[in-house]
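K.L.:
Structure file upload.pdb (PDB, C-alpha atoms) is given on the next line.
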```pdb
ATOM      1  CA  MET A   1      32.453 -48.477 -24.728
ATOM      2  CA  LYS A   2      29.935 -47.989 -21.932
ATOM      3  CA  LYS A   3      28.871 -44.401 -21.290
ATOM      4  CA  MET A   4      29.246 -43.175 -17.631
ATOM      5  CA  LYS A   5      26.072 -42.055 -15.962
ATOM      6  CA  THR A   6      25.927 -38.271 -15.483
ATOM      7  CA  SER A   7      23.704 -36.211 -13.205
ATOM      8  CA  ASP A   8      21.472 -35.561 -16.247
ATOM      9  CA  ASP A   9      20.770 -39.304 -16.389
ATOM     10  CA  TRP A  10      19.762 -39.614 -12.739
ATOM     11  CA  GLY A  11      16.192 -40.520 -12.008
ATOM     12  CA  LEU A  12      13.971 -39.364  -9.209
ATOM     13  CA  PHE A  13      14.955 -42.335  -7.014
ATOM     14  CA  GLU A  14      18.692 -41.598  -7.300
ATOM     15  CA  TRP A  15      18.152 -37.927  -6.407
ATOM     16  CA  ALA A  16      15.954 -38.843  -3.434
ATOM     17  CA  LEU A  17      18.563 -41.345  -2.220
ATOM     18  CA  TYR A  18      21.360 -38.778  -2.641
ATOM     19  CA  ILE A  19      19.418 -36.150  -0.661
ATOM     20  CA  ALA A  20      18.550 -38.703   2.042
ATOM     21  CA  ILE A  21      22.232 -39.675   2.423
ATOM     22  CA  LEU A  22      23.264 -36.012   2.702
ATOM     23  CA  ALA A  23      20.529 -35.323   5.259
ATOM     24  CA  PHE A  24      21.562 -38.364   7.327
ATOM     25  CA  ALA A  25      25.245 -37.416   7.181
ATOM     26  CA  SER A  26      24.424 -33.848   8.278
ATOM     27  CA  TRP A  27      22.229 -35.082  11.136
ATOM     28  CA  PHE A  28      24.912 -37.573  12.247
ATOM     29  CA  ILE A  29      27.660 -34.938  12.282
ATOM     30  CA  VAL A  30      25.600 -32.366  14.196
ATOM     31  CA  THR A  31      24.217 -34.954  16.643
ATOM     32  CA  PHE A  32      27.343 -36.980  17.424
ATOM     33  CA  ILE A  33      30.480 -35.308  16.069
ATOM     34  CA  GLY A  34      30.404 -31.542  16.429
ATOM     35  CA  MET A  35      28.511 -28.311  16.069
ATOM     36  CA  ARG A  36      28.988 -24.589  15.681
ATOM     37  CA  THR A  37      27.926 -22.426  18.594
ATOM     38  CA  PRO A  38      27.813 -18.653  18.989
ATOM     39  CA  VAL A  39      29.155 -16.857  22.043
ATOM     40  CA  ILE A  40      26.675 -14.490  23.651
ATOM     41  CA  GLY A  41      27.906 -12.323  26.503
ATOM     42  CA  GLN A  42      31.185 -11.427  28.161
ATOM     43  CA  SER A  43      31.494 -14.224  30.740
ATOM     44  CA  MET A  44      34.532 -15.783  29.008
ATOM     45  CA  GLU A  45      36.429 -12.527  28.249
ATOM     46  CA  SER A  46      39.293 -12.243  27.425
ATOM     47  CA  THR A  47      39.683 -15.825  26.157
ATOM     48  CA  ILE A  48      36.468 -15.873  24.122
ATOM     49  CA  SER A  49      34.466 -12.775  23.201
ATOM     50  CA  ASP A  50      30.837 -11.909  22.565
ATOM     51  CA  GLY A  51      30.072 -12.667  18.914
ATOM     52  CA  ASP A  52      32.771 -15.321  18.474
ATOM     53  CA  GLN A  53      31.758 -18.542  16.718
ATOM     54  CA  LEU A  54      33.150 -21.826  18.071
ATOM     55  CA  ILE A  55      33.335 -25.416  16.915
ATOM     56  CA  VAL A  56      32.391 -27.822  19.692
ATOM     57  CA  THR A  57      33.244 -31.520  19.623
ATOM     58  CA  LYS A  58      30.387 -33.527  21.075
ATOM     59  CA  PHE A  59      32.274 -36.826  21.198
ATOM     60  CA  SER A  60      35.046 -35.486  23.483
ATOM     61  CA  TYR A  61      33.343 -36.615  26.662
ATOM     62  CA  ARG A  62      31.930 -39.814  25.202
ATOM     63  CA  LEU A  63      35.534 -40.936  24.695
ATOM     64  CA  GLY A  64      37.179 -39.286  27.687
ATOM     65  CA  GLU A  65      36.723 -37.282  30.848
ATOM     66  CA  PRO A  66      36.639 -33.505  31.240
ATOM     67  CA  LYS A  67      39.927 -32.042  32.428
ATOM     68  CA  ARG A  68      40.645 -28.985  34.518
ATOM     69  CA  TYR A  69      40.594 -25.830  32.352
ATOM     70  CA  ASP A  70      38.627 -27.424  29.482
ATOM     71  CA  VAL A  71      36.166 -24.948  27.966
ATOM     72  CA  VAL A  72      32.813 -26.736  28.044
ATOM     73  CA  ILE A  73      29.360 -26.102  26.625
ATOM     74  CA  PHE A  74      26.111 -26.942  28.444
ATOM     75  CA  PRO A  75      22.445 -25.970  28.126
ATOM     76  CA  PRO A  76      21.187 -22.920  30.030
ATOM     77  CA  PRO A  77      19.571 -23.651  33.393
ATOM     78  CA  SER A  78      16.027 -22.743  32.369
ATOM     79  CA  GLU A  79      13.735 -22.473  29.388
ATOM     80  CA  THR A  80      13.717 -18.688  29.668
ATOM     81  CA  ASP A  81      17.479 -18.587  28.993
ATOM     82  CA  LYS A  82      17.307 -20.500  25.688
ATOM     83  CA  LYS A  83      19.278 -17.838  23.728
ATOM     84  CA  ALA A  84      22.407 -19.975  23.600
ATOM     85  CA  ASN A  85      24.330 -22.650  25.426
ATOM     86  CA  TYR A  86      26.502 -21.626  28.368
ATOM     87  CA  ILE A  87      30.257 -21.638  27.824
ATOM     88  CA  LYS A  88      32.447 -21.984  30.929
ATOM     89  CA  ARG A  89      35.782 -23.395  32.092
ATOM     90  CA  VAL A  90      36.127 -26.520  34.254
ATOM     91  CA  ILE A  91      37.813 -25.522  37.521
ATOM     92  CA  GLY A  92      36.782 -28.129  40.129
ATOM     93  CA  MET A  93      37.061 -31.867  39.514
ATOM     94  CA  PRO A  94      35.125 -34.808  41.011
ATOM     95  CA  GLY A  95      35.861 -35.434  44.683
ATOM     96  CA  GLU A  96      37.525 -32.065  45.273
ATOM     97  CA  THR A  97      36.390 -29.529  47.841
ATOM     98  CA  ILE A  98      35.970 -26.059  46.359
ATOM     99  CA  GLN A  99      35.787 -22.788  48.254
ATOM    100  CA  ILE A 100      36.134 -19.189  47.133
ATOM    101  CA  MET A 101      37.783 -16.974  49.741
ATOM    102  CA  GLY A 102      39.369 -13.552  49.483
ATOM    103  CA  GLY A 103      38.704 -13.437  45.749
ATOM    104  CA  TYR A 104      40.478 -16.695  44.928
ATOM    105  CA  VAL A 105      39.554 -20.328  44.295
ATOM    106  CA  TYR A 106      40.735 -22.894  46.825
ATOM    107  CA  ILE A 107      40.759 -26.610  46.090
ATOM    108  CA  ASN A 108      41.097 -28.978  49.020
ATOM    109  CA  GLY A 109      42.192 -26.030  51.165
ATOM    110  CA  GLU A 110      44.964 -24.814  48.806
ATOM    111  CA  GLN A 111      44.761 -21.782  46.546
ATOM    112  CA  LEU A 112      44.528 -22.702  42.866
ATOM    113  CA  THR A 113      47.604 -20.838  41.600
ATOM    114  CA  THR A 114      47.714 -22.417  38.109
ATOM    115  CA  ASP A 115      44.457 -20.688  37.116
ATOM    116  CA  VAL A 116      45.721 -18.086  34.639
ATOM    117  CA  TYR A 117      42.287 -17.474  33.144
ATOM    118  CA  GLY A 118      40.443 -15.344  35.685
ATOM    119  CA  LEU A 119      40.689 -11.653  34.797
ATOM    120  CA  GLU A 120      40.700 -10.407  38.368
ATOM    121  CA  PRO A 121      39.995 -11.510  41.942
ATOM    122  CA  ILE A 122      36.427 -12.677  42.466
ATOM    123  CA  ASN A 123      34.076 -10.224  44.178
ATOM    124  CA  PRO A 124      32.931 -11.371  47.624
ATOM    125  CA  LEU A 125      30.294 -14.091  47.523
ATOM    126  CA  SER A 126      26.993 -13.906  49.310
ATOM    127  CA  GLU A 127      25.758 -16.652  51.603
ATOM    128  CA  GLY A 128      23.426 -18.005  48.904
ATOM    129  CA  ASP A 129      26.276 -18.651  46.478
ATOM    130  CA  LEU A 130      27.773 -22.095  46.128
ATOM    131  CA  ALA A 131      31.408 -22.239  47.293
ATOM    132  CA  TYR A 132      30.804 -19.531  49.915
ATOM    133  CA  GLN A 133      31.298 -22.444  52.288
ATOM    134  CA  PRO A 134      33.428 -25.477  51.313
ATOM    135  CA  LEU A 135      31.626 -27.466  48.605
ATOM    136  CA  THR A 136      32.662 -31.085  48.058
ATOM    137  CA  LEU A 137      31.967 -32.344  44.551
ATOM    138  CA  GLY A 138      30.503 -35.794  43.975
ATOM    139  CA  GLU A 139      31.985 -38.601  41.842
ATOM    140  CA  ASP A 140      30.676 -37.090  38.597
ATOM    141  CA  GLU A 141      30.473 -33.382  39.437
ATOM    142  CA  TYR A 142      32.405 -30.459  37.979
ATOM    143  CA  PHE A 143      32.616 -26.852  39.164
ATOM    144  CA  VAL A 144      32.687 -24.422  36.230
ATOM    145  CA  LEU A 145      33.506 -20.711  36.125
ATOM    146  CA  GLY A 146      33.570 -18.054  33.434
ATOM    147  CA  ASP A 147      36.974 -16.471  32.809
ATOM    148  CA  ASN A 148      35.399 -13.052  33.462
ATOM    149  CA  ARG A 149      34.622 -14.169  37.005
ATOM    150  CA  ASN A 150      32.836 -10.993  38.102
ATOM    151  CA  ASN A 151      30.525 -11.038  35.070
ATOM    152  CA  SER A 152      29.606 -14.718  34.829
ATOM    153  CA  MET A 153      26.635 -16.841  35.814
ATOM    154  CA  ASP A 154      28.340 -20.132  36.618
ATOM    155  CA  SER A 155      28.566 -22.882  39.256
ATOM    156  CA  ARG A 156      28.583 -20.308  42.048
ATOM    157  CA  ASN A 157      24.958 -19.561  41.240
ATOM    158  CA  PRO A 158      22.542 -22.232  42.562
ATOM    159  CA  ARG A 159      20.482 -21.931  39.321
ATOM    160  CA  VAL A 160      23.492 -23.193  37.346
ATOM    161  CA  GLY A 161      25.120 -25.301  40.058
ATOM    162  CA  VAL A 162      27.685 -28.009  39.560
ATOM    163  CA  LYS A 163      27.635 -29.952  36.304
ATOM    164  CA  THR A 164      27.850 -33.660  35.606
ATOM    165  CA  LYS A 165      29.500 -35.201  32.564
ATOM    166  CA  ALA A 166      26.022 -35.907  31.151
ATOM    167  CA  ASP A 167      25.204 -32.164  31.347
ATOM    168  CA  LEU A 168      28.077 -31.279  29.037
ATOM    169  CA  VAL A 169      27.188 -30.930  25.354
ATOM    170  CA  GLY A 170      30.850 -30.915  24.411
ATOM    171  CA  LYS A 171      34.235 -29.248  24.483
ATOM    172  CA  ALA A 172      34.978 -25.979  22.666
ATOM    173  CA  GLN A 173      37.922 -26.677  20.385
ATOM    174  CA  VAL A 174      38.301 -24.006  17.709
ATOM    175  CA  ARG A 175      37.240 -20.406  17.131
ATOM    176  CA  ILE A 176      36.110 -19.973  13.505
ATOM    177  CA  PHE A 177      35.000 -16.349  13.670
ATOM    178  CA  PRO A 178      36.121 -13.577  13.695
ATOM    179  CA  PHE A 179      38.572 -14.506  10.968
ATOM    180  CA  ASP A 180      41.509 -12.656  12.544
ATOM    181  CA  LYS A 181      41.168 -14.831  15.675
ATOM    182  CA  ILE A 182      40.697 -18.240  14.009
ATOM    183  CA  GLY A 183      42.471 -20.965  15.919
ATOM    184  CA  LYS A 184      42.479 -23.591  18.631
ATOM    185  CA  ILE A 185      41.167 -22.695  22.054
ATOM    186  CA  SER A 186      44.178 -23.746  24.068
ATOM    187  CA  LYS A 187      44.873 -24.644  27.648
ATOM    188  CA  GLU A 188      48.106 -22.873  28.545
ATOM    189  CA  SER A 189      48.091 -24.438  31.980
ATOM    190  CA  GLU A 190      47.362 -28.017  32.944
ATOM    191  CA  GLN A 191      47.333 -29.757  36.267
TER     192      GLN A 191
END
```
Let's see the structure in the file written out as structure tokens.
P.N.:
Amino acid sequence: MKKMKTSDDWGLFEWALYIAILAFASWFIVTFIGMRTPVIGQSMESTISDGDQLIVTKFSYRLGEPKRYDVVIFPPPSETDKKANYIKRVIGMPGETIQIMGGYVYINGEQLTTDVYGLEPINPLSEGDLAYQPLTLGEDEYFVLGDNRNNSMDSRNPRVGVKTKADLVGKAQVRIFPFDKIGKISKESEQ
């Protein structure tokens, strides 16, 4: 009877190959499949809180298009903000005209009433903010806002601006920490 090879019998080549396969698999998963990302700040309160840990699927937008109310991840607008990726909610879709008036979001001239995520009416915008005047999105442009609208640096700010599909790292799917809040990040409202 032939004896099975055990880990004690492995040579240097087998161990090196095993480690190389694990390293490649790890790189592949983090690069193309998903990643863990921390939440820093209160811009997505009360949906997602400071200190939460999320799982982001990177392939979501390689296989499909962003949808209204998706929670998306994208790099910060400048090198000085490299603490963490930005986490915001898709509000405006390609081709739509966005304007914020009287504390509310208007799309194509009609108030967005299905937006159940904003904590309160939006403080008045200044003339330098995007969406102070009607803003028409291009074919591949998305307008994103934090759920805590009055404490969020988002598409209203020219430094962040509108996002394209290529800007999006992925879609936040699941909260994995804190343990008492583990679960899917859902969209209660779809349009």
K.L.:
Provide the CA of Leu168 (chain A) to CA of Glu139 (chain A) distance in Å, to one decimal place.
P.N.:
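One can read the CA of Leu168 (chain A) to CA of Glu139 (chain A) distance as 15.3 Å.
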K.L.:
List, as a ChimeraX atom specification, every residue that the PyMOL selection byres ((chain A and resi 144) around 6) selects in the file provided.
P.N.:
/A:88-91,143,145,155
K.L.:
Run the PyMOL selection byres ((chain A and resi 123-126) around 12) against the file shown and list the residues it catches, as a ChimeraX atom specification.
P.N.:
/A:99-105,118-122,127-133,148-152,156-158
K.L.:
Show me, as a tab-separated table (two decimals) with C-alpha atoms, in the coordinates of the input, the residues that have an atom within 12 Å of Arg62 (chain A) when counting all atoms listed in the file, minus same-chain residues fewer than 4 positions from it.
P.N.:
```
chain	number	residue	atom	x	y	z
A	32	PHE	CA	27.34	-36.98	17.42
A	33	ILE	CA	30.48	-35.31	16.07
A	57	THR	CA	33.24	-31.52	19.62
A	58	LYS	CA	30.39	-33.53	21.08
A	66	PRO	CA	36.64	-33.51	31.24
A	165	LYS	CA	29.50	-35.20	32.56
A	166	ALA	CA	26.02	-35.91	31.15
A	167	ASP	CA	25.20	-32.16	31.35
A	168	LEU	CA	28.08	-31.28	29.04
A	169	VAL	CA	27.19	-30.93	25.35
A	170	GLY	CA	30.85	-30.92	24.41
A	171	LYS	CA	34.24	-29.25	24.48
```
K.L.:
Please enumerate the residues selected by the PyMOL selection byres ((chain A and resi 172) around 9) when evaluated against the supplied file, formatted as a list in words.
P.N.:
Thr37, Leu54, Ile55, Val56, Thr57, Lys58, Asp70, Val71, Val72, Ile73, Ile87, Gly170, Lys171, Gln173, Val174, Arg175, Lys184 and Ile185 of chain A
K.L.:
Name the residues in contact with Thr136 (chain A) at a cut-off of 7 Å, using only C-alpha atoms, excluding same-chain residues fewer than 6 positions from it; report them as a PDB file with C-alpha atoms, keeping the file's coordinate frame.
P.N.:
```pdb
ATOM      1  CA  GLY A  95      35.861 -35.434  44.683  1.00  0.00           C
ATOM      2  CA  GLU A  96      37.525 -32.065  45.273  1.00  0.00           C
ATOM      3  CA  THR A  97      36.390 -29.529  47.841  1.00  0.00           C
ATOM      4  CA  ILE A  98      35.970 -26.059  46.359  1.00  0.00           C
TER       5      ILE A  98
END
```
K.L.:
In Å, rounded to a single decimal, give me how far CA of Gly138 (chain A) is from CA of Leu63 (chain A).
P.N.:
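Atom-to-atom, CA of Leu63 (chain A) to CA of Gly138 (chain A), that is 20.6 Å.
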K.L.:
Pick from A:Arg68, A:Phe24, A:Glu14, A:Phe74: nearest to Lys163 (chain A), with all atoms listed in the file counted?
P.N.:
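Using all atoms listed in the file, Lys163 (chain A) sits closest to A:Phe74.
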K.L.:
Just the number, please: distance in Å from CA of Leu112 (chain A) to CA of Asn85 (chain A), one decimal.
P.N.:
26.7 Å
K.L.:
With 5 Å on each side, where is the centre of the axis-aligned box around all listed atoms of region 128-142 of chain A, and how long are its edges in Å to one decimal, as lines of an AutoDock Vina configuration file?
P.N.:
```
center_x = 28.4
center_y = -28.3
center_z = 45.1
size_x = 20.0
size_y = 30.6
size_z = 24.3
```
